[in-house]
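Chemist: First, the structure itself, so that you have it in front of you.
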Amino acid sequence: MLTIAVSKGRIYEEALPFLAEAGIVPTDDPDKCRKLILQTTRPDVQLVIIRATDVPTFVEYGAADLGIAGKDVLLEHGTEALYEPLDLNIARCRLMTAAHKDAPPITGRVRVATKYVKTAQRYFASLGIQAEIIKLYGSMELAPLVGLADCIVDLVDTGNTLKANDLEPRELIMNISSRLVVNKAAMKMKNAAIAELLAQFEQTLAKR
Amino acid sequence: MQQKDSWLLPEGIEETLPAEAKHLEALRNKLLDSFACWGYDLVIPPFIDFLDSLLIGAGHDLDLQTFKLTDQISGEMLGIRADMTPQVARIDAHNLKHEWPTRLCYAGTVLHTRGDPLEKTRSPLQIGAELYGHGGKESDLEVICLMLEMLAVTGLQNVHLDLGHVGIYRALAEQAALSDAQESELFAILQRKAKPELLELMDGYALSDGLKHMFLALPELNGGQTVLDKASAVLAQASAAVKQALADLTAVAGQLAVRFPNLAISFDLAELRGYHYHTGIVFAAFVPTVGREIARGGRYDNIGKVFGRARPATGFSADLKLLSALSKQSFQMPPRELIFAPYLDDAGLTESIRDLRAQRRAVIQELPGQTGGAGEYGCTAILVQEQQRWVVKAL
């Protein structure tokens with residue numbers, strides 16, 4: 001039995017074609033039913049539907065053998081305990097800094113609102129800037145407007161939310177896409193099944 | 001003052017309660033006994049030691065994992081051991097100084113500054129065995145067999161063995177004349193088998209296509225027996241050291257397949273755990289219910305050099321607490337007889353209890369005015385007086 005952890009929403013939607021090519025089609029729609037474990041058309045494969053930030057944790061513990069997670073989540077979580085053999089090139093966006101459109105360029109110490117605490121810390125450190133990080137769980141765009149932070153670090157897709165709040169994207173930290181991650185023990189103990197799945201995903205990737 | 005949370009233990013530190021402790025101690029005995037049957041002598045290194053000798057040959061990781069304090073007598077830094085292997089290597093190199101192969105085993109608590117990401121514990125009970133003074137694959141085979149024996153004695157089934165050889169990556173890195181920074185960058189990526197990042201990195205390196213091709217193949221060289229054939233094809237241009245490493249792995253795997261026909265063996269030529277420390281064949285054991293290895297080991301030649309003598313070395317270790325928890329799932333120890341005796345000022349009773357205990361039978365004697373009795377203690381028998389004699393009666 002292979003268990004694949006996927007988060008609801010965009011990653012799930014965009015991962016479905018990959019799964020379908022490997023003969024894996026969920027028998028339920030996670031938006032319509034409240035099940036957290038989805039059976040699929042392949043009796044030896046099930047999906048668990050969890051929050052994006054929980055995917056690396058589930059896979060690390062072996063609660064799921066594989067997972068599909070954004071590079072942003074993996075970077076923040078740290079992936080020494082995982083394998084990440086494949087870039088699925090889906091759910092693409094950019095991890096950026098953003099600030100009020102009239103804000104002056106950063107000098108000296110900076111206050112940053114983000115949910116990517118470690119990533120932001122590392123990024124500013126690499127620029128030689130001392131950053132004070134304020135951890136928020138959502139609505140990052142609000143922070144510069146109310147004087148909570150000088151800038152934010154967040155995912156940017158279309159940039160519309162930023163624009164609507166008088167913010168503008170500044171520096172690109174990293175291009176983000178979703179990766180396939182594998183539990184280290186599963187990679188060894190279920191090697192044949194996982195290698196087959198990896199090969200199928202790679203084929204699908206090559207066709208795109 | 002009784003603080004509200006005074007019962008709380010530090011994170012990752014746990015106490016072992018009677019039922020678990022009994023199981024764990026029984027298992028510890030059984031394991032050390034089977035090590036002894038293979039000729040491995042028990043040593044008990046100190047819990048605290050000079051930091052320098054604890055960190056011999058070890059990488060930055062072990063440094064981070066070690067609790068440190070200052071010795072008020074010598075002014076030196078002391079460390080609480082986070083791994084017993086360097087201490088055991090010192091015993092071999094400095095104290096025993098045998099010219100022949102030396103076999104040692106150990107079991108004791110180690111402390112880690114950071115909890116294991118999965119088990120969360122910071123105080124594993126490390127148990128292991130080390131074989132010094134033989135550099136050939138035969139000694140690798142012996143310690144792998146002993147590790148499998150340990151898991152068999154623990155009562156674990158469906159054990160899966162993973163084999164690797166850090167010499168392959170080491171030789172390739174040498175052949176490519178990578179700088180230290182490049183080598184550690186590449187190392188971090190290979191540890192995660194992050195192929196997309198590896199491709200990007202290789203683009204930036206000025207290496208021959210042949211070498212790039214070999215590095216790029218590494219994350220895929222894992223799986224069953226076929227991996228070794230694939231590796232000898234893919235790594236055909238590699239140095240003699242790589243070929244020797246592959247030949248050794250093949251030989252050891254062949255021997256293991258003969259000795260353990262039902263053992264699942266896989267290979268992973270990009271497995272670099274303990275890379276800074278290991279020098280040859282590395283191995284790890286997995287079981288289906290645990291998301292990481294439950295025992296691991298490998299070759300670490302010449303670590304004893306700083307203690308006066310460079311010796312080939314190989315060995316393995318495991319967390320006895322984890323093994324005990326796993327073995328508890330698979331088998332229960334038979335319940336032991338426990339006799340409850342009343343409190344009486346009676347010479348016959350006192351003598352009878354003494355005799356029973358001398359026969360290694362467990363007796364709990366009641367205390368005057370206590371609450372609870374045979375039932376509460378889970379006793380299986382009571383001591384009663386019948387016709388002037390004290391006899392054990394089953395409950």
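Each chain in the structure tokens gets a letter, A, B, ..., in the order shown, and its residues are numbered from 1; ligands are numbered from 1 in order too.
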Assign secondary structure with DSSP using the backbone only, and return the residues of segment 25-138 of chain B in strand (DSSP E or B) as a ChimeraX atom specification.

Modeler: /B:41-42,48-50,67-70,77-80,102-109,125-132

Chemist: Please provide as a ChimeraX atom specification all residues within 12 Å of Val156 of chain A, with the sequence filter that same-chain residues fewer than 4 positions apart are discarded (counting only C-alpha atoms).

Modeler: /A:72,91-98,140-141,152,160-163,167-176

Chemist: Save the residues we just selected, N, CA and C atoms, as a PDB file, in the first residue's frame?

Modeler:
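The result, stored in selection18.pdb:
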ATOM      1  N   ASP A  72       8.226  26.183  -1.209  1.00  0.00           N
ATOM      2  CA  ASP A  72       8.171  27.154  -0.113  1.00  0.00           C
ATOM      3  C   ASP A  72       8.001  26.445   1.227  1.00  0.00           C
ATOM      4  N   ALA A  91       1.733  24.239  -9.736  1.00  0.00           N
ATOM      5  CA  ALA A  91       1.445  25.251  -8.711  1.00  0.00           C
ATOM      6  C   ALA A  91       2.593  26.250  -8.630  1.00  0.00           C
ATOM      7  N   ARG A  92       2.973  26.768  -9.783  1.00  0.00           N
ATOM      8  CA  ARG A  92       4.147  27.648  -9.825  1.00  0.00           C
ATOM      9  C   ARG A  92       3.802  29.050  -9.338  1.00  0.00           C
ATOM     10  N   CYS A  93       4.706  29.647  -8.612  1.00  0.00           N
ATOM     11  CA  CYS A  93       4.556  31.031  -8.191  1.00  0.00           C
ATOM     12  C   CYS A  93       5.929  31.503  -7.735  1.00  0.00           C
ATOM     13  N   ARG A  94       5.985  32.715  -7.179  1.00  0.00           N
ATOM     14  CA  ARG A  94       7.288  33.237  -6.767  1.00  0.00           C
ATOM     15  C   ARG A  94       7.253  33.623  -5.300  1.00  0.00           C
ATOM     16  N   LEU A  95       8.340  33.343  -4.614  1.00  0.00           N
ATOM     17  CA  LEU A  95       8.473  33.806  -3.242  1.00  0.00           C
ATOM     18  C   LEU A  95       9.223  35.133  -3.306  1.00  0.00           C
ATOM     19  N   MET A  96       8.566  36.208  -2.829  1.00  0.00           N
ATOM     20  CA  MET A  96       9.135  37.541  -3.031  1.00  0.00           C
ATOM     21  C   MET A  96       9.052  38.372  -1.759  1.00  0.00           C
ATOM     22  N   THR A  97       9.845  39.432  -1.766  1.00  0.00           N
ATOM     23  CA  THR A  97       9.612  40.456  -0.767  1.00  0.00           C
ATOM     24  C   THR A  97       8.687  41.482  -1.411  1.00  0.00           C
ATOM     25  N   ALA A  98       7.888  42.146  -0.581  1.00  0.00           N
ATOM     26  CA  ALA A  98       7.009  43.184  -1.106  1.00  0.00           C
ATOM     27  C   ALA A  98       6.903  44.284  -0.062  1.00  0.00           C
ATOM     28  N   MET A 140      -0.834  38.878   5.200  1.00  0.00           N
ATOM     29  CA  MET A 140       0.480  39.523   5.316  1.00  0.00           C
ATOM     30  C   MET A 140       0.437  40.964   4.799  1.00  0.00           C
ATOM     31  N   GLU A 141      -0.361  41.163   3.728  1.00  0.00           N
ATOM     32  CA  GLU A 141      -0.363  42.459   3.031  1.00  0.00           C
ATOM     33  C   GLU A 141      -0.739  43.607   3.959  1.00  0.00           C
ATOM     34  N   ILE A 152       7.101  42.561   3.584  1.00  0.00           N
ATOM     35  CA  ILE A 152       6.613  41.205   3.820  1.00  0.00           C
ATOM     36  C   ILE A 152       7.378  40.235   2.922  1.00  0.00           C
ATOM     37  N   ASN A 160      -2.103  40.611  -7.821  1.00  0.00           N
ATOM     38  CA  ASN A 160      -3.308  41.438  -7.684  1.00  0.00           C
ATOM     39  C   ASN A 160      -3.597  41.846  -6.241  1.00  0.00           C
ATOM     40  N   THR A 161      -3.375  40.912  -5.321  1.00  0.00           N
ATOM     41  CA  THR A 161      -3.628  41.233  -3.911  1.00  0.00           C
ATOM     42  C   THR A 161      -2.699  42.344  -3.460  1.00  0.00           C
ATOM     43  N   LEU A 162      -1.443  42.278  -3.905  1.00  0.00           N
ATOM     44  CA  LEU A 162      -0.480  43.309  -3.548  1.00  0.00           C
ATOM     45  C   LEU A 162      -0.968  44.663  -4.068  1.00  0.00           C
ATOM     46  N   LYS A 163      -1.331  44.679  -5.353  1.00  0.00           N
ATOM     47  CA  LYS A 163      -1.726  45.926  -6.003  1.00  0.00           C
ATOM     48  C   LYS A 163      -2.944  46.527  -5.303  1.00  0.00           C
ATOM     49  N   LEU A 167       0.671  47.761  -2.401  1.00  0.00           N
ATOM     50  CA  LEU A 167       2.013  47.214  -2.234  1.00  0.00           C
ATOM     51  C   LEU A 167       2.582  46.883  -3.612  1.00  0.00           C
ATOM     52  N   GLU A 168       3.897  46.703  -3.648  1.00  0.00           N
ATOM     53  CA  GLU A 168       4.489  46.251  -4.908  1.00  0.00           C
ATOM     54  C   GLU A 168       5.557  45.207  -4.610  1.00  0.00           C
ATOM     55  N   PRO A 169       5.690  44.212  -5.515  1.00  0.00           N
ATOM     56  CA  PRO A 169       6.727  43.208  -5.326  1.00  0.00           C
ATOM     57  C   PRO A 169       8.107  43.843  -5.463  1.00  0.00           C
ATOM     58  N   ARG A 170       9.045  43.413  -4.634  1.00  0.00           N
ATOM     59  CA  ARG A 170      10.401  43.974  -4.723  1.00  0.00           C
ATOM     60  C   ARG A 170      11.382  42.921  -5.240  1.00  0.00           C
ATOM     61  N   GLU A 171      11.961  42.131  -4.334  1.00  0.00           N
ATOM     62  CA  GLU A 171      13.001  41.184  -4.765  1.00  0.00           C
ATOM     63  C   GLU A 171      12.437  39.768  -4.875  1.00  0.00           C
ATOM     64  N   LEU A 172      12.911  39.061  -5.894  1.00  0.00           N
ATOM     65  CA  LEU A 172      12.558  37.654  -6.037  1.00  0.00           C
ATOM     66  C   LEU A 172      13.480  36.833  -5.133  1.00  0.00           C
ATOM     67  N   ILE A 173      12.893  36.046  -4.239  1.00  0.00           N
ATOM     68  CA  ILE A 173      13.722  35.176  -3.392  1.00  0.00           C
ATOM     69  C   ILE A 173      13.929  33.841  -4.089  1.00  0.00           C
ATOM     70  N   MET A 174      12.840  33.335  -4.652  1.00  0.00           N
ATOM     71  CA  MET A 174      12.960  32.030  -5.292  1.00  0.00           C
ATOM     72  C   MET A 174      11.724  31.730  -6.122  1.00  0.00           C
ATOM     73  N   ASN A 175      11.921  31.046  -7.260  1.00  0.00           N
ATOM     74  CA  ASN A 175      10.776  30.528  -7.989  1.00  0.00           C
ATOM     75  C   ASN A 175      10.303  29.265  -7.294  1.00  0.00           C
ATOM     76  N   ILE A 176       9.000  29.146  -7.134  1.00  0.00           N
ATOM     77  CA  ILE A 176       8.438  28.033  -6.373  1.00  0.00           C
ATOM     78  C   ILE A 176       7.632  27.132  -7.293  1.00  0.00           C
TER      79      ILE A 176
END

Chemist: Among the residues of segment 82-146 of chain B, find those DSSP assigns to alpha helix (DSSP H) from the backbone and print them as JSON, numbers by chain.

Modeler: {"B": [85, 86, 87, 88, 89, 90, 137, 138, 139, 140, 141, 142, 143, 144, 145, 146]}

Chemist: If we count only C-alpha atoms, which residues of chain A reach to within 7 Å of chain B? Please list them as a list in words.

Modeler: Glu60, Tyr61, Gly62, Glu80, Leu82, Tyr83, Glu84, Pro85, Leu86, Asp87, Lys184, Ala185, Lys188, Met189 and Asn191 of chain A

Chemist: With a distance cut-off of 10 Å and only C-alpha atoms, select the neighbouring residues of Met202 of chain B, excluding the residue or stretch itself and same-chain residues fewer than 5 positions from it, and output the selection as an MDAnalysis selection string.

Modeler: chainID B and resid 186 197 207 209 211:213 215:216

Chemist: Write the residues of the selection above to a file with C-alpha atoms, as an mmCIF file, in the first residue's frame.

Modeler:
data_model
loop_
_atom_site.group_PDB
_atom_site.id
_atom_site.type_symbol
_atom_site.label_atom_id
_atom_site.label_comp_id
_atom_site.auth_asym_id
_atom_site.auth_seq_id
_atom_site.Cartn_x
_atom_site.Cartn_y
_atom_site.Cartn_z
ATOM 1 C CA LEU B 186 26.779 18.424 -3.532
ATOM 2 C CA GLU B 197 18.791 20.808 -7.879
ATOM 3 C CA LEU B 207 33.578 18.999 -14.881
ATOM 4 C CA ASP B 209 30.695 15.178 -19.095
ATOM 5 C CA LEU B 211 31.961 12.853 -14.306
ATOM 6 C CA LYS B 212 28.752 14.898 -14.449
ATOM 7 C CA HIS B 213 26.982 11.874 -15.840
ATOM 8 C CA PHE B 215 27.162 12.313 -10.273
ATOM 9 C CA LEU B 216 23.761 12.678 -11.911
#

Chemist: Using only C-alpha atoms, which of the listed residues (B:Leu272, B:Ile382, B:His23, B:Ala347) sits closest to Ile364 of chain B?

Modeler: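 Counting only C-alpha atoms, the residue closest to Ile364 of chain B is B:Ile382.
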
Chemist: Can you list, as a list of chain:residue names, every protein, DNA or RNA residue that comes within 7 Å of Thr102 of chain B when you count only C-alpha atoms, leaving out same-chain residues fewer than 4 positions away?

Modeler: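 My reading of the contact set: B:His98, B:Leu131, B:Tyr132, B:Gly133.
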